[in-house]
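Input: a single structure, listed below in structure tokens.
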Amino acid sequence: MGQTISFQPMRRGATAQGTIAQAPGSPGGGAPVAGTADSGMPHTTTLGSSPASGAAHGDAPAVADVLGVVVSHVWLNDEYRHLVLEAPEPAPLAKAGQFFNLECPHTAEDKPFLRRPMSLYGADPARGRVEFLYKVTGVGTRALASIKVGRTMRLLGPLGVGFSIPDTAKHIVVLGRGVGLATLAPLAEAAAAQGVGVTAILSARSPATVMSAERFAAVGASVRVVLDTDGSSDPANVEAILREVAAAGRADAFYTCGSNRLMLLMQRVGRELSIPGEVALEQQMACGLGMCFCCVRNFSVDGVVEARRVCTEGPVFPLAEAMSW
């Protein structure tokens, strides 16, 4: 394993001290950070929060820089790849909404200096595996796409604050687009495991770019696909679907990821109908531990703009507080 970074739970505005515990035979380093964000939904079960996030959950997995082995790495379409790693704990203990900072190899063409943050697509503690779904877009992900089965790579995590589900929820709605659907798929699975029904609205450019539909369907979710090619992804139609599901009593909480336009739409409808919600944000990062402050975003809290780090106080935030990017 890598180094395990352990922290005392804390709440926003408090201070905390962390310790770095050296695992046997582990290189590398780390530093304690502090910070948290409230879910905005009362009486919730939080699915995941790393000690580095400062969230007050004693059963949160530790954070470690571990060595994983690539067991599968395939193209799903022209843009997205699915990566599966075997890795020691705490990596397979990650929860929906958390992320890892992945080491990217150097190639003849690309030599990324920093790791790349990747949201969790799946975790299997019994098999010791973690999964990621990513879009190949630049230097880091092009280099990552080159790694072959059998190779090893380092991954730091689980990091950040995961999703929470209201204890009284009977049905939730998830709305995502592109790779944001990869972040929401584990949430749907966690909700189903708790007996919570799921409506999944999947937005994409075309049928070929719809992601994770089978994952949502496998847990009994009601799947609604909306596309650019036929105009069904138009915000007016998506809003009509949200209102239809809410009117049917199947929207105790909203969740979204992957689109600023969809986030603002869901935020507005949720505010009007008094439906709480959460958003998982994507942001460029360097350390992933809160030290570099390069992932800071603005949030509106009771009319006051507040800056927060996506890596430690997120990446999951109250939907009502998120601001357009």
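We name chains A, B, ... following the order of the structure tokens; residues begin at 1 in each chain, and ligands are numbered from 1 as shown.
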Please identify every residue of range 159-181 of chain A that has at least one atom no farther than 9 Å from an atom of range 117-141 of chain A, counting only C-alpha atoms, and for each give the shortest atom pair and the distance in Å to one decimal, arranged by chain then increasing number, as CSV.
residue,atom,partner,partner_atom,distance
A:Gly178,CA,A:Lys135,CA,8.7
A:Val179,CA,A:Tyr134,CA,6.5
A:Gly180,CA,A:Ser119,CA,8.9
How would the residues just picked look written out with N, CA and C atoms as a PDB file, in the first residue's frame?
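Okay, this is what ended up in selection.pdb:
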ATOM      1  N   GLY A 178     -22.843  13.099 -20.526  1.00  0.00           N
ATOM      2  CA  GLY A 178     -21.463  12.730 -20.786  1.00  0.00           C
ATOM      3  C   GLY A 178     -20.872  11.899 -19.667  1.00  0.00           C
ATOM      4  N   VAL A 179     -19.618  12.210 -19.316  1.00  0.00           N
ATOM      5  CA  VAL A 179     -18.934  11.445 -18.288  1.00  0.00           C
ATOM      6  C   VAL A 179     -19.550  11.675 -16.909  1.00  0.00           C
ATOM      7  N   GLY A 180     -20.399  12.707 -16.774  1.00  0.00           N
ATOM      8  CA  GLY A 180     -21.104  12.903 -15.521  1.00  0.00           C
ATOM      9  C   GLY A 180     -21.966  11.712 -15.156  1.00  0.00           C
TER      10      GLY A 180
END
Quiz item: Quick one: residues within 12 Å of Leu202 in chain A, only C-alpha atoms counted, chain neighbours fewer than 6 positions away excluded, as a PyMOL selection string?
Solution: chain A and resi 173-182+184-185+209-217+221-228+232-233+238+241+256-259+262
Practice problem: as a list in words, list the residues of range 120-213 of chain A assigned to alpha helix (DSSP H) by DSSP on the backbone atoms of this structure. | Solution: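 Put together, the selection reads Val139, Gly140, Thr141, Arg142, Ala143, Leu144, Gly180, Leu181, Ala182, Thr183, Leu184, Ala185, Pro186, Leu187, Ala188, Glu189, Ala190, Ala191, Ala192, Ala193 and Ala213 of chain A.
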Quiz item: Quick one: residues within 6 Å of range 296-309 of chain A, only C-alpha atoms counted, chain neighbours fewer than 4 positions away excluded, as JSON, numbers by chain?
Solution: {"A": [313, 321, 322, 323]}
Find the spatial neighbours of Phe100 in chain A, counting only C-alpha atoms, within a cut-off of 10 Å - ignore same-chain residues fewer than 3 positions away - and output them as an mmCIF file with N, CA and C atoms, in the first residue's frame.
data_model
loop_
_atom_site.group_PDB
_atom_site.id
_atom_site.type_symbol
_atom_site.label_atom_id
_atom_site.label_comp_id
_atom_site.auth_asym_id
_atom_site.auth_seq_id
_atom_site.Cartn_x
_atom_site.Cartn_y
_atom_site.Cartn_z
ATOM 1 N N VAL A 63 -7.313 7.415 3.432
ATOM 2 C CA VAL A 63 -6.777 7.848 2.149
ATOM 3 C C VAL A 63 -5.384 7.263 2.007
ATOM 4 N N ALA A 64 -5.088 6.654 0.875
ATOM 5 C CA ALA A 64 -3.767 6.069 0.676
ATOM 6 C C ALA A 64 -3.349 6.191 -0.779
ATOM 7 N N ASP A 65 -2.041 6.267 -0.982
ATOM 8 C CA ASP A 65 -1.462 6.228 -2.322
ATOM 9 C C ASP A 65 -1.023 4.797 -2.555
ATOM 10 N N ALA A 91 -8.621 1.642 -1.375
ATOM 11 C CA ALA A 91 -9.187 2.025 -2.676
ATOM 12 C C ALA A 91 -10.542 1.364 -2.958
ATOM 13 N N ALA A 94 -14.051 2.845 -1.599
ATOM 14 C CA ALA A 94 -14.557 4.148 -2.028
ATOM 15 C C ALA A 94 -16.068 4.103 -2.233
ATOM 16 N N GLU A 103 -2.186 8.436 -11.384
ATOM 17 C CA GLU A 103 -0.901 8.644 -12.049
ATOM 18 C C GLU A 103 -1.038 8.325 -13.533
ATOM 19 N N ARG A 115 -0.942 14.348 -11.738
ATOM 20 C CA ARG A 115 -1.942 13.291 -11.821
ATOM 21 C C ARG A 115 -3.265 13.884 -12.302
ATOM 22 N N ARG A 116 -4.208 12.994 -12.633
ATOM 23 C CA ARG A 116 -5.515 13.437 -13.099
ATOM 24 C C ARG A 116 -6.601 12.933 -12.155
ATOM 25 N N PRO A 117 -7.493 13.843 -11.702
ATOM 26 C CA PRO A 117 -8.594 13.400 -10.840
ATOM 27 C C PRO A 117 -9.649 12.667 -11.656
ATOM 28 N N MET A 118 -10.097 11.522 -11.130
ATOM 29 C CA MET A 118 -11.105 10.717 -11.810
ATOM 30 C C MET A 118 -12.169 10.298 -10.806
ATOM 31 N N SER A 119 -13.422 10.555 -11.145
ATOM 32 C CA SER A 119 -14.505 10.147 -10.262
ATOM 33 C C SER A 119 -14.669 8.631 -10.315
ATOM 34 N N LEU A 120 -15.139 8.092 -9.220
ATOM 35 C CA LEU A 120 -15.326 6.646 -9.104
ATOM 36 C C LEU A 120 -16.474 6.178 -9.993
ATOM 37 N N VAL A 130 -11.389 -1.312 -8.429
ATOM 38 C CA VAL A 130 -11.998 0.003 -8.640
ATOM 39 C C VAL A 130 -12.080 0.250 -10.141
ATOM 40 N N PHE A 132 -13.020 3.138 -13.432
ATOM 41 C CA PHE A 132 -13.097 4.527 -13.866
ATOM 42 C C PHE A 132 -13.566 4.576 -15.315
ATOM 43 N N ARG A 154 -0.135 4.130 -9.917
ATOM 44 C CA ARG A 154 -0.484 4.576 -8.572
ATOM 45 C C ARG A 154 -1.778 5.377 -8.597
ATOM 46 N N LEU A 155 -2.553 5.231 -7.532
ATOM 47 C CA LEU A 155 -3.783 5.994 -7.382
ATOM 48 C C LEU A 155 -3.924 6.440 -5.938
ATOM 49 N N LEU A 156 -4.234 7.707 -5.760
ATOM 50 C CA LEU A 156 -4.384 8.301 -4.441
ATOM 51 C C LEU A 156 -5.867 8.475 -4.144
ATOM 52 N N GLY A 157 -6.319 7.893 -3.024
ATOM 53 C CA GLY A 157 -7.720 8.032 -2.671
ATOM 54 C C GLY A 157 -8.140 6.988 -1.652
ATOM 55 N N PRO A 158 -9.443 6.895 -1.422
ATOM 56 C CA PRO A 158 -10.527 7.690 -1.959
ATOM 57 C C PRO A 158 -10.511 9.112 -1.397
ATOM 58 N N LEU A 159 -10.840 10.070 -2.245
ATOM 59 C CA LEU A 159 -10.768 11.475 -1.878
ATOM 60 C C LEU A 159 -12.150 12.124 -1.927
ATOM 61 N N GLY A 160 -12.322 13.162 -1.128
ATOM 62 C CA GLY A 160 -13.496 14.001 -1.214
ATOM 63 C C GLY A 160 -14.728 13.490 -0.494
ATOM 64 N N GLY A 288 -5.187 17.369 -5.130
ATOM 65 C CA GLY A 288 -6.344 16.590 -4.728
ATOM 66 C C GLY A 288 -6.528 16.515 -3.226
ATOM 67 N N CYS A 311 -11.867 19.659 -4.157
ATOM 68 C CA CYS A 311 -11.249 18.374 -3.797
ATOM 69 C C CYS A 311 -11.560 17.941 -2.378
#
Quiz item: Can you tell me how far CA of Arg250 in chain A sits from CA of Ile172 in chain A, in Å to one decimal?
Solution: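 Between CA of Arg250 in chain A and CA of Ile172 in chain A the gap works out to 6.5 Å.
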Quiz prompt | Counting only C-alpha atoms, the option among A:Ala280, A:Leu93, A:Ala253, A:Ala193 closest to Gly162 in chain A | solution = A:Ala280
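Taking CA of Ala62 in chain A and CA of Thr152 in chain A as the two end points, the separation is 21.2 Å.
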Quiz item: Out of A:Leu83, A:Ala320, A:Val310, A:Leu187, which residue has the shortest atom-to-atom distance to Ala145 in chain A when counting only C-alpha atoms?
Solution: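 Using only C-alpha atoms, the shortest distance to Ala145 in chain A belongs to A:Leu83.
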Quiz item: When you draw a straight line from CA of Ser146 in chain A to CA of Met285 in chain A, how long is it in Å?
Solution: 21.5 Å
